[in-house]
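Pasted below: input_28.pdb, PDB, C-alpha atoms, pLDDT in the B column.
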ATOM      1  CA  THR L 195     -26.303  -5.669 -19.261  1.00 36.00           C
ATOM      2  CA  LEU L 196     -23.283  -3.434 -18.831  1.00 44.00           C
ATOM      3  CA  SER L 197     -22.461  -2.135 -15.392  1.00 50.00           C
ATOM      4  CA  SER L 198     -22.139   1.609 -14.933  1.00 69.00           C
ATOM      5  CA  PHE L 199     -19.799   1.082 -12.002  1.00 74.00           C
ATOM      6  CA  VAL L 200     -16.075   1.688 -12.210  1.00 78.00           C
ATOM      7  CA  SER L 201     -13.946  -1.359 -11.365  1.00 76.00           C
ATOM      8  CA  MET L 202     -10.324  -1.525 -10.281  1.00 74.00           C
ATOM      9  CA  ASN L 203      -7.579  -3.801 -11.545  1.00 72.00           C
ATOM     10  CA  ASN L 204      -4.109  -4.274 -10.090  1.00 72.00           C
ATOM     11  CA  SER L 205      -1.962  -3.924 -13.213  1.00 67.00           C
ATOM     12  CA  PHE L 206       0.883  -6.057 -11.800  1.00 60.00           C
ATOM     13  CA  ASN L 207       3.482  -3.782 -13.390  1.00 61.00           C
ATOM     14  CA  ALA L 208       4.955  -3.221  -9.984  1.00 61.00           C
ATOM     15  CA  GLY L 209       8.610  -2.456  -9.541  1.00 71.00           C
ATOM     16  CA  ILE L 210      10.400  -0.592  -6.776  1.00 75.00           C
ATOM     17  CA  GLU L 211       9.945   2.739  -8.591  1.00 75.00           C
ATOM     18  CA  SER L 212       6.158   2.353  -8.707  1.00 80.00           C
ATOM     19  CA  LEU L 213       6.162   1.349  -5.025  1.00 85.00           C
ATOM     20  CA  LYS L 214       7.898   4.635  -4.186  1.00 87.00           C
ATOM     21  CA  ARG L 215       5.329   6.628  -6.197  1.00 86.00           C
ATOM     22  CA  VAL L 216       2.263   5.197  -4.403  1.00 86.00           C
ATOM     23  CA  GLN L 217       3.318   6.068  -0.845  1.00 88.00           C
ATOM     24  CA  PRO L 218       0.511   8.094   0.843  1.00 89.00           C
ATOM     25  CA  GLU L 219       2.989  10.600   2.358  1.00 90.00           C
ATOM     26  CA  ASN L 220       3.903  11.806  -1.158  1.00 89.00           C
ATOM     27  CA  ILE L 221       2.423  15.004  -2.562  1.00 89.00           C
ATOM     28  CA  GLY L 222      -1.274  14.469  -3.357  1.00 88.00           C
ATOM     29  CA  GLY L 223      -1.251  11.149  -1.510  1.00 90.00           C
ATOM     30  CA  GLY L 224       0.982   9.452  -4.099  1.00 89.00           C
ATOM     31  CA  ASP L 225      -0.061   7.918  -7.423  1.00 90.00           C
ATOM     32  CA  ASN L 226      -2.960   6.060  -5.736  1.00 90.00           C
ATOM     33  CA  GLY L 227      -3.992   9.103  -3.680  1.00 90.00           C
ATOM     34  CA  TRP L 228      -6.907  11.457  -4.105  1.00 91.00           C
ATOM     35  CA  GLY L 229      -4.752  14.299  -5.428  1.00 91.00           C
ATOM     36  CA  ILE L 230      -3.351  12.210  -8.304  1.00 90.00           C
ATOM     37  CA  LEU L 231      -5.826   9.416  -9.097  1.00 90.00           C
ATOM     38  CA  TYR L 232      -9.058  11.429  -8.799  1.00 89.00           C
ATOM     39  CA  PRO L 233      -8.039  14.150 -11.302  1.00 89.00           C
ATOM     40  CA  ARG L 234      -6.751  11.485 -13.705  1.00 88.00           C
ATOM     41  CA  THR L 235     -10.123   9.740 -13.791  1.00 87.00           C
ATOM     42  CA  TYR L 236     -11.902  13.003 -14.517  1.00 82.00           C
ATOM     43  CA  ALA L 237      -9.361  13.918 -17.208  1.00 86.00           C
ATOM     44  CA  CYS L 238     -10.240  10.596 -18.843  1.00 86.00           C
ATOM     45  CA  THR L 239     -13.939  11.423 -18.584  1.00 84.00           C
ATOM     46  CA  ALA L 240     -13.394  14.823 -20.208  1.00 84.00           C
ATOM     47  CA  ALA L 241     -11.112  13.425 -22.927  1.00 87.00           C
ATOM     48  CA  ASN L 242     -13.556  10.817 -24.212  1.00 84.00           C
ATOM     49  CA  GLY L 243     -15.910  13.565 -25.389  1.00 81.00           C
ATOM     50  CA  LEU L 244     -18.999  11.780 -24.094  1.00 81.00           C
ATOM     51  CA  SER L 245     -18.643  12.542 -20.371  1.00 78.00           C
ATOM     52  CA  LEU L 246     -18.444   8.808 -19.679  1.00 81.00           C
ATOM     53  CA  LYS L 247     -16.513   7.702 -16.618  1.00 83.00           C
ATOM     54  CA  PRO L 248     -13.935   4.964 -17.176  1.00 84.00           C
ATOM     55  CA  ASN L 249     -15.041   1.318 -17.024  1.00 84.00           C
ATOM     56  CA  TYR L 250     -12.046   0.320 -14.929  1.00 83.00           C
ATOM     57  CA  ILE L 251      -8.897   1.805 -13.444  1.00 86.00           C
ATOM     58  CA  ALA L 252      -5.634  -0.162 -13.620  1.00 84.00           C
ATOM     59  CA  ILE L 253      -3.182   0.752 -10.870  1.00 85.00           C
ATOM     60  CA  ASP L 254      -0.108  -0.686  -9.203  1.00 85.00           C
ATOM     61  CA  TRP L 255      -0.106  -1.617  -5.508  1.00 86.00           C
ATOM     62  CA  VAL L 256      -3.901  -1.563  -5.229  1.00 85.00           C
ATOM     63  CA  HIS L 257      -3.737  -2.075  -1.446  1.00 87.00           C
ATOM     64  CA  ILE L 258      -1.700   1.129  -0.866  1.00 89.00           C
ATOM     65  CA  GLY L 259      -3.305   4.561  -0.883  1.00 90.00           C
ATOM     66  CA  ASP L 260      -6.823   5.797  -1.543  1.00 90.00           C
ATOM     67  CA  ALA L 261      -7.768   3.942  -4.736  1.00 89.00           C
ATOM     68  CA  PHE L 262     -10.729   2.115  -3.141  1.00 89.00           C
ATOM     69  CA  GLU L 263     -12.092   5.396  -1.728  1.00 89.00           C
ATOM     70  CA  VAL L 264     -11.661   7.189  -5.062  1.00 89.00           C
ATOM     71  CA  VAL L 265     -13.488   4.450  -6.974  1.00 88.00           C
ATOM     72  CA  HIS L 266     -16.269   4.396  -4.363  1.00 88.00           C
ATOM     73  CA  HIS L 267     -16.671   8.167  -4.746  1.00 86.00           C
ATOM     74  CA  ILE L 268     -16.806   7.926  -8.547  1.00 85.00           C
ATOM     75  CA  ASN L 269     -19.485   5.235  -8.287  1.00 86.00           C
ATOM     76  CA  PHE L 270     -21.582   6.623  -5.429  1.00 86.00           C
ATOM     77  CA  GLY L 271     -20.585  10.262  -4.774  1.00 83.00           C
ATOM     78  CA  GLY L 272     -20.075  11.841  -1.374  1.00 83.00           C
ATOM     79  CA  ARG L 273     -17.266  13.873   0.111  1.00 85.00           C
ATOM     80  CA  VAL L 274     -13.896  14.139  -1.626  1.00 88.00           C
ATOM     81  CA  SER L 275     -11.024  13.274   0.697  1.00 87.00           C
ATOM     82  CA  THR L 276      -8.759  15.997   2.066  1.00 89.00           C
ATOM     83  CA  GLY L 277      -5.708  16.157   4.310  1.00 89.00           C
ATOM     84  CA  GLN L 278      -3.054  15.000   1.832  1.00 91.00           C
ATOM     85  CA  ARG L 279       0.259  16.884   1.684  1.00 92.00           C
ATOM     86  CA  CYS L 280       0.327  19.550  -1.045  1.00 93.00           C
ATOM     87  CA  GLU L 281       2.316  22.422  -2.525  1.00 94.00           C
ATOM     88  CA  THR L 282      -0.470  23.908  -4.697  1.00 93.00           C
ATOM     89  CA  GLY L 283      -4.134  23.243  -5.450  1.00 91.00           C
ATOM     90  CA  LEU L 284      -3.032  21.093  -8.398  1.00 91.00           C
ATOM     91  CA  ASP L 285      -1.906  18.478  -5.853  1.00 92.00           C
ATOM     92  CA  CYS L 286      -5.428  18.141  -4.416  1.00 92.00           C
ATOM     93  CA  ALA L 287      -8.596  16.406  -5.596  1.00 90.00           C
ATOM     94  CA  THR L 288     -10.549  19.490  -4.484  1.00 90.00           C
ATOM     95  CA  GLY L 289      -8.196  21.851  -6.306  1.00 89.00           C
ATOM     96  CA  SER L 290      -7.486  23.698  -3.058  1.00 91.00           C
ATOM     97  CA  CYS L 291      -4.347  23.608  -0.888  1.00 93.00           C
ATOM     98  CA  SER L 292      -3.921  25.455   2.405  1.00 93.00           C
ATOM     99  CA  ILE L 293      -0.697  27.292   1.624  1.00 89.00           C
ATOM    100  CA  ARG L 294      -0.044  27.937   5.310  1.00 90.00           C
ATOM    101  CA  ARG L 295      -0.538  24.323   6.466  1.00 91.00           C
ATOM    102  CA  LYS L 296       0.427  22.543   3.178  1.00 93.00           C
ATOM    103  CA  VAL L 297      -2.608  20.223   3.290  1.00 92.00           C
ATOM    104  CA  CYS L 298      -5.456  19.686   0.838  1.00 92.00           C
ATOM    105  CA  HIS L 299      -8.787  21.016   2.048  1.00 94.00           C
ATOM    106  CA  CYS L 300     -12.237  21.756   0.652  1.00 92.00           C
ATOM    107  CA  GLN L 301     -12.604  24.586  -1.838  1.00 90.00           C
ATOM    108  CA  ARG L 302     -14.616  27.700  -1.066  1.00 87.00           C
ATOM    109  CA  CYS L 303     -16.734  28.211  -4.181  1.00 82.00           C
ATOM    110  CA  ASP L 304     -18.653  31.209  -5.449  1.00 77.00           C
ATOM    111  CA  GLU L 305     -22.396  31.073  -6.089  1.00 71.00           C
ATOM    112  CA  ASP L 306     -21.957  30.354  -9.806  1.00 69.00           C
ATOM    113  CA  ALA L 307     -19.617  27.377  -9.302  1.00 68.00           C
ATOM    114  CA  ARG L 308     -20.439  23.947 -10.684  1.00 64.00           C
ATOM    115  CA  PRO L 309     -22.257  21.538  -8.334  1.00 60.00           C
ATOM    116  CA  GLY L 310     -19.803  19.661  -6.136  1.00 65.00           C
ATOM    117  CA  CYS L 311     -17.113  22.332  -6.601  1.00 75.00           C
ATOM    118  CA  SER L 312     -16.058  22.260  -2.960  1.00 81.00           C
ATOM    119  CA  GLY L 313     -15.580  18.531  -2.558  1.00 86.00           C
ATOM    120  CA  CYS L 314     -18.134  18.493   0.265  1.00 88.00           C
ATOM    121  CA  ALA L 315     -21.036  16.047   0.404  1.00 84.00           C
ATOM    122  CA  GLY L 316     -24.627  17.129  -0.138  1.00 81.00           C
ATOM    123  CA  GLY L 317     -25.927  19.103   2.825  1.00 84.00           C
ATOM    124  CA  GLU L 318     -22.467  20.505   3.609  1.00 87.00           C
ATOM    125  CA  GLU L 319     -20.653  23.677   2.719  1.00 87.00           C
ATOM    126  CA  CYS L 320     -16.980  24.587   2.802  1.00 90.00           C
ATOM    127  CA  LEU L 321     -16.159  27.169   5.463  1.00 91.00           C
ATOM    128  CA  GLU L 322     -12.903  28.585   6.781  1.00 90.00           C
ATOM    129  CA  VAL L 323     -12.308  27.220  10.290  1.00 90.00           C
ATOM    130  CA  GLY L 324      -9.160  29.179  11.106  1.00 86.00           C
ATOM    131  CA  ASP L 325      -5.428  29.034  10.528  1.00 83.00           C
ATOM    132  CA  GLY L 326      -5.950  29.119   6.764  1.00 85.00           C
ATOM    133  CA  VAL L 327      -7.832  25.803   6.673  1.00 89.00           C
ATOM    134  CA  ASN L 328     -11.271  25.125   5.194  1.00 92.00           C
ATOM    135  CA  LYS L 329     -13.549  22.326   6.372  1.00 92.00           C
ATOM    136  CA  CYS L 330     -16.843  20.793   5.188  1.00 91.00           C
ATOM    137  CA  ILE L 331     -19.537  21.761   7.701  1.00 90.00           C
ATOM    138  CA  SER L 332     -23.128  20.502   7.758  1.00 88.00           C
ATOM    139  CA  ASN L 333     -25.501  23.276   6.769  1.00 80.00           C
ATOM    140  CA  SER L 334     -28.508  21.660   8.444  1.00 72.00           C
ATOM    141  CA  SER L 335     -30.253  23.599  11.171  1.00 60.00           C
ATOM    142  CA  ASP L 336     -30.608  20.582  13.475  1.00 52.00           C
TER     143      ASP L 336
END

Take the structure in the file and write it out as structure tokens.
Amino acid sequence: TLSSFVSMNNSFNAGIESLKRVQPENIGGGDNGWGILYPRTYACTAANGLSLKPNYIAIDWVHIGDAFEVVHHINFGGRVSTGQRCETGLDCATGSCSIRRKVCHCQRCDEDARPGCSGCAGGEECLEVGDGVNKCISNSSD
């Protein structure tokens, strides 16, 4: 049987230029960061016309950045990572950048937004916590 899980493969096309692009301090967390890799996987899903996630992701420098976290999220769901350096929402997996602090944070969504819009896990909602930053907060009444 075919697995429905996404796998990762180190593409071994690694030169000094690709090493510079994967550094986590880069915008969006670098090429292997949430702000770059996560949107690429969903662009692939949208482009195939069948809403199928990729079978595998080939990246350089597999041990640098957030690639393992991104693949785990694609396979099992949960919260989308935040905190990467950004200039605009396009640099963030959540689509939302705190302009004041220049960090990715969860997205405050309207009532008609798609499920998972905010990047928060189930049972959480994205709320402003001050200084122009949003954070996923549990909405349980415990």

Worksheet entry | Exercise: Gly272 of chain L partners within 9 Å, only C-alpha atoms, chain neighbours under 5 positions left out, as a ChimeraX atom specification | /L:266-267,313-316

Counting all atoms listed in the file, give me one row per residue of segment 237-272 of chain L with an atom at most 8 Å from an atom of segment 212-222 of chain L, showing the shortest contact pair and its distance in Å to one decimal, sorted by chain then residue number, as JSON lines.
{"residue": "L:Asp254", "atom": "CA", "partner": "L:Ser212", "partner_atom": "CA", "distance": 7.0}
{"residue": "L:Trp255", "atom": "CA", "partner": "L:Leu213", "partner_atom": "CA", "distance": 7.0}
{"residue": "L:Ile258", "atom": "CA", "partner": "L:Val216", "partner_atom": "CA", "distance": 6.7}
{"residue": "L:Gly259", "atom": "CA", "partner": "L:Pro218", "partner_atom": "CA", "distance": 5.5}

Item to complete: Show which residues sit within 12 Å of Asp325 of chain L, as a list of chain:residue names. Count all atoms listed in the file, and ignore same-chain residues fewer than 5 positions away.
Response: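 Final neighbour list, sorted by chain and number: L:Ser292, L:Ile293, L:Arg294, L:Arg295, L:Lys296, L:Val297.
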
Worksheet item: When you draw a straight line from atom CA of Tyr232 of chain L to atom CA of Glu281 of chain L, how long is it in Å?
Response: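 So the two atoms, atom CA of Tyr232 of chain L and atom CA of Glu281 of chain L, lie 17.0 Å apart.
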
Item to complete: Measure the distance from atom CA of Asp260 of chain L to atom CA of Trp228 of chain L in Å and round it to one decimal.
Response: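 Atom-to-atom, atom CA of Asp260 of chain L and atom CA of Trp228 of chain L are spaced 6.2 Å apart.
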
Discussion item. I'd like to know which of L:Val256, L:Leu231, L:Val265, L:Cys303 is closest to Cys286 of chain L, using all atoms listed in the file.
Written reply: L:Leu231

Take the PyMOL selection byres ((chain L and resi 236) around 10), apply it to the structure above, and return the hits as a short mmCIF file (atom, residue, chain, number, x, y, z; two decimals) with C-alpha atoms, in the coordinates of the input.
data_model
loop_
_atom_site.label_atom_id
_atom_site.label_comp_id
_atom_site.auth_asym_id
_atom_site.auth_seq_id
_atom_site.Cartn_x
_atom_site.Cartn_y
_atom_site.Cartn_z
CA LEU L 231 -5.83 9.42 -9.10
CA TYR L 232 -9.06 11.43 -8.80
CA PRO L 233 -8.04 14.15 -11.30
CA ARG L 234 -6.75 11.48 -13.70
CA THR L 235 -10.12 9.74 -13.79
CA ALA L 237 -9.36 13.92 -17.21
CA CYS L 238 -10.24 10.60 -18.84
CA THR L 239 -13.94 11.42 -18.58
CA ALA L 240 -13.39 14.82 -20.21
CA ALA L 241 -11.11 13.42 -22.93
CA SER L 245 -18.64 12.54 -20.37
CA LEU L 246 -18.44 8.81 -19.68
CA LYS L 247 -16.51 7.70 -16.62
CA PRO L 248 -13.94 4.96 -17.18
CA ILE L 268 -16.81 7.93 -8.55
#

Discussion item. Report, in Å to a single decimal, how far apart atom CA of Glu305 of chain L and atom CA of Cys330 of chain L are.
Written reply: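 Going from atom CA of Cys330 of chain L over to atom CA of Glu305 of chain L, I get 16.2 Å.
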
Kindly provide, as lines of an AutoDock Vina configuration file, the centre and edge lengths (Å, one decimal) of an axis-aligned box around all atoms of segment 265-272 of chain L given in the file, with 4 Å on each side.
center_x = -17.5
center_y = 8.1
center_z = -5.0
size_x = 16.1
size_y = 15.4
size_z = 15.2

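In this comparison, which uses all atoms listed in the file, the residue of L:Gly326, L:Gly223, L:Glu319, L:Ser334 approaching Val264 of chain L most closely is L:Gly223.
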
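Distance check against Cys300 of chain L using all atoms listed in the file: of L:Val327, L:Ile230, L:Leu284, L:Met202, the minimum falls on L:Val327.
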
Fill in: Proximity to Ala261 of chain L - best of L:Gly317, L:Gly324, L:Gly229, L:Gly209, all atoms listed in the file
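Ranked by minimum distance to Ala261 of chain L, first place goes to L:Gly229.
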
Practice prompt. Pick out the closest residue to Cys298 of chain L from this set: L:Asp285, L:Glu263, L:Glu211, L:Glu318. Count all atoms listed in the file.
Written response: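 Closest residue, counting all atoms listed in the file: L:Asp285.
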
Practice prompt. Could you pull out every residue with an atom within 8 Å of (-10.4, 0.8, -11.0), file coordinates, counting all atoms listed in the file, and send them as a PyMOL selection string?
Written response: chain L and resi 200-203+249-253+261-262+265

Item to complete: Kindly indicate which residue among L:Asn242, L:Ser312, L:Ser290, L:Ser332 lies nearest to Gln278 of chain L, using all atoms listed in the file for the distances.
Response: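 Of L:Asn242, L:Ser312, L:Ser290, L:Ser332, the one nearest Gln278 of chain L is L:Ser290, counting all atoms listed in the file.
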